[in-house]
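Below is one structure, written out as structure tokens; comments come after it.
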Amino acid sequence: MKTLIVATQNKGKVLEIKEMLRDLDCEVMTMGEAGLDREIEENGTTFEENAVIKAEALKAYTDAIILADDSGLEIDYLNKEPGVYSARYLGKDTPYTVKNQMILERLKDASPEERTARFVCAMAIAGKNIETQVVRETIEGYIGYEAKGENGFGYDPIFYVSEYNISTAEMSSEQKNAISHRGKALRAITERLKGVM
Ligand SMILES: O=c1nc[nH]c2c1ncn2[C@H]1C[C@H](O)[C@@H](COP(=O)(O)OP(=O)(O)OP(=O)(O)O)O1
Ligand SMILES: [Mg+2]
């Protein structure tokens, strides 16, 4: 069976990606499971650049196909901050309860119309014998007035989807995966994956 290595250190992403790739005819492994754990410097200025950097960083060390995700939250009221710096916002080891409270505080004077935001996900595949490919998808929503929900990870408790008026942390993984930036990007990239596996 073919192997697909997911080049991420983020456990929340791994859970979502593994769940969505359950039916794909290949073994999905994390970097750790593949013995390829390493810090990859994300020095790109766009989600696409960083996804490609992460996917290509492992190319020399494996014959498997590598899948990488670079994602983040764009808040219109904050001029699209934290954007590509979402993981590093307020420091990369700062708990998300703190990051989320800070964002709510910074938006305390923003009206409902001014609270629009989106999650962005760029997903790349790379490998020794394939041409690197990258896709980008988004999910539109808004920053709520309070953090809610226990599911998901990161900024999920403050990101609300207009159609349901609940946060992505209040959704089941199936519900989130069906509509999320990551779900859409993964479905787009797996179409291309079928062409190279
Ligand atoms: O569905 C999501 N629900 C909530 N938050 C999310 C989501 N998707 C991305 N995010 C946030 C988390 C992190 O602040 C940043 C990703 O940063 P990003 O560099 O791509 O990931 P990371 O450093 O956690 O792991 P890695 O680079 O090893 O894949 O966006
Ligand atoms: Mg990162």
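Ordering of the structure tokens sets the chain letters (A, B, ...); residue numbers start at 1 within each chain; ligands are numbered from 1 in the order shown.
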
Q: Name all residues at most 6 Å from region 21-36 of chain A (count only C-alpha atoms; drop same-chain ones fewer than 4 positions away) and give them as a list in words.
A: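 Final neighbour list, sorted by chain and number: Met1, Lys2, Thr3, Leu4, Ile5, Val6 and Ala7 of chain A.
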
Just write the chosen residues, C-alpha atoms, as an mmCIF file, in the first residue's frame.
```
data_model
loop_
_atom_site.group_PDB
_atom_site.id
_atom_site.type_symbol
_atom_site.label_atom_id
_atom_site.label_comp_id
_atom_site.auth_asym_id
_atom_site.auth_seq_id
_atom_site.Cartn_x
_atom_site.Cartn_y
_atom_site.Cartn_z
ATOM 1 C CA MET A 1 0.000 0.000 0.000
ATOM 2 C CA LYS A 2 1.176 3.551 -0.710
ATOM 3 C CA THR A 3 2.145 5.815 2.146
ATOM 4 C CA LEU A 4 1.094 9.413 2.630
ATOM 5 C CA ILE A 5 2.968 11.461 5.233
ATOM 6 C CA VAL A 6 1.178 14.417 6.773
ATOM 7 C CA ALA A 7 3.799 17.098 7.461
#
```

Q.
When DSSP is applied to the backbone of this structure, which of region 8-191 of chain A are assigned strand (DSSP E or B)? Write them out as a PyMOL selection string.
A. chain A and resi 27-30+65-75+81-82+116-127+130-143+159-161+166-167

Counting only C-alpha atoms, what are the residues of region 52-129 of chain A within 6 Å of region 140-143 of chain A, and for each of them which pair of atoms is the nearest and at what distance in Å, to one decimal? Sort the table by chain and rising number, as CSV.
```
residue,atom,partner,partner_atom,distance
A:Arg115,CA,A:Tyr142,CA,5.2
A:Thr116,CA,A:Tyr142,CA,4.2
A:Ala117,CA,A:Tyr142,CA,4.8
A:Arg118,CA,A:Glu140,CA,4.4
```

Requested write-out: N, CA and C atoms of the selected residues, as an mmCIF file, in the first residue's frame:
```
data_model
loop_
_atom_site.group_PDB
_atom_site.id
_atom_site.type_symbol
_atom_site.label_atom_id
_atom_site.label_comp_id
_atom_site.auth_asym_id
_atom_site.auth_seq_id
_atom_site.Cartn_x
_atom_site.Cartn_y
_atom_site.Cartn_z
ATOM 1 N N ARG A 115 -17.628 42.107 12.081
ATOM 2 C CA ARG A 115 -16.942 40.968 12.704
ATOM 3 C C ARG A 115 -16.626 39.831 11.731
ATOM 4 N N THR A 116 -16.760 40.104 10.438
ATOM 5 C CA THR A 116 -16.544 39.052 9.446
ATOM 6 C C THR A 116 -15.106 38.533 9.475
ATOM 7 N N ALA A 117 -14.969 37.243 9.203
ATOM 8 C CA ALA A 117 -13.664 36.580 9.270
ATOM 9 C C ALA A 117 -13.725 35.329 8.412
ATOM 10 N N ARG A 118 -12.561 34.744 8.156
ATOM 11 C CA ARG A 118 -12.539 33.470 7.435
ATOM 12 C C ARG A 118 -11.348 32.631 7.878
#
```

Q.
Around ligand 2, out to 7 Å and counting only C-alpha atoms and all ligand atoms, which residues are there? I want them as a ChimeraX atom specification.
A. /A:42,70,87

Which residues of chain A come within 6 Å of ligand 1, and what is each one's closest atom pair and distance in Å (one decimal), counting only C-alpha atoms and all ligand atoms, sorted by chain and residue number, as a Markdown table?
```
| residue | atom | partner | partner_atom_place_in_ligand_line | distance |
| --- | --- | --- | --- | --- |
| A:Thr8 | CA | ligand 1 | 28 (O) | 3.6 |
| A:Gln9 | CA | ligand 1 | 28 (O) | 3.7 |
| A:Asn10 | CA | ligand 1 | 25 (O) | 4.3 |
| A:Asp69 | CA | ligand 1 | 29 (O) | 5.6 |
| A:Asp70 | CA | ligand 1 | 20 (O) | 3.5 |
| A:Ser71 | CA | ligand 1 | 20 (O) | 4.0 |
| A:Gly72 | CA | ligand 1 | 30 (O) | 3.3 |
| A:Leu73 | CA | ligand 1 | 30 (O) | 5.8 |
| A:Ser86 | CA | ligand 1 | 14 (O) | 4.0 |
| A:Ala87 | CA | ligand 1 | 14 (O) | 3.2 |
| A:Phe153 | CA | ligand 1 | 4 (C) | 5.0 |
| A:Gly154 | CA | ligand 1 | 5 (N) | 3.8 |
| A:Tyr155 | CA | ligand 1 | 4 (C) | 4.0 |
| A:Asp156 | CA | ligand 1 | 4 (C) | 4.2 |
```

Could you dump the residues just selected with N, CA and C atoms as a compact mmCIF listing (two decimals), in the first residue's frame?
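What landed in selection.txt:
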```
# COMPACT_ATOMS: atom_id res chain seq x y z
N THR A 8 2.77 17.78 9.54
CA THR A 8 2.28 18.76 10.51
C THR A 8 2.60 18.31 11.92
N GLN A 9 2.77 19.28 12.82
CA GLN A 9 2.97 19.01 14.24
C GLN A 9 1.66 19.24 15.00
N ASN A 10 0.60 19.60 14.27
CA ASN A 10 -0.65 19.99 14.92
C ASN A 10 -1.60 18.80 15.05
N ASP A 69 -0.32 21.27 5.30
CA ASP A 69 -1.43 22.22 5.48
C ASP A 69 -0.87 23.48 6.11
N ASP A 70 -1.09 24.63 5.48
CA ASP A 70 -0.83 25.87 6.18
C ASP A 70 -2.13 26.64 6.23
N SER A 71 -2.52 27.03 7.42
CA SER A 71 -3.84 27.61 7.57
C SER A 71 -3.83 28.73 8.59
N GLY A 72 -4.95 29.43 8.69
CA GLY A 72 -5.01 30.53 9.65
C GLY A 72 -6.33 31.25 9.58
N LEU A 73 -6.45 32.25 10.44
CA LEU A 73 -7.68 33.02 10.59
C LEU A 73 -7.45 34.45 10.15
N SER A 86 -1.05 33.20 12.36
CA SER A 86 -2.04 32.74 13.34
C SER A 86 -1.44 31.87 14.44
N ALA A 87 -0.54 30.96 14.09
CA ALA A 87 0.05 30.07 15.10
C ALA A 87 1.00 30.84 16.01
N PHE A 153 -10.00 22.79 17.66
CA PHE A 153 -8.73 23.28 18.23
C PHE A 153 -8.57 24.76 17.87
N GLY A 154 -7.51 25.35 18.37
CA GLY A 154 -7.13 26.70 17.96
C GLY A 154 -8.23 27.74 18.14
N TYR A 155 -8.56 28.42 17.06
CA TYR A 155 -9.53 29.52 17.11
C TYR A 155 -10.98 29.06 16.95
N ASP A 156 -11.21 27.76 16.91
CA ASP A 156 -12.58 27.27 16.70
C ASP A 156 -13.62 27.87 17.66
```
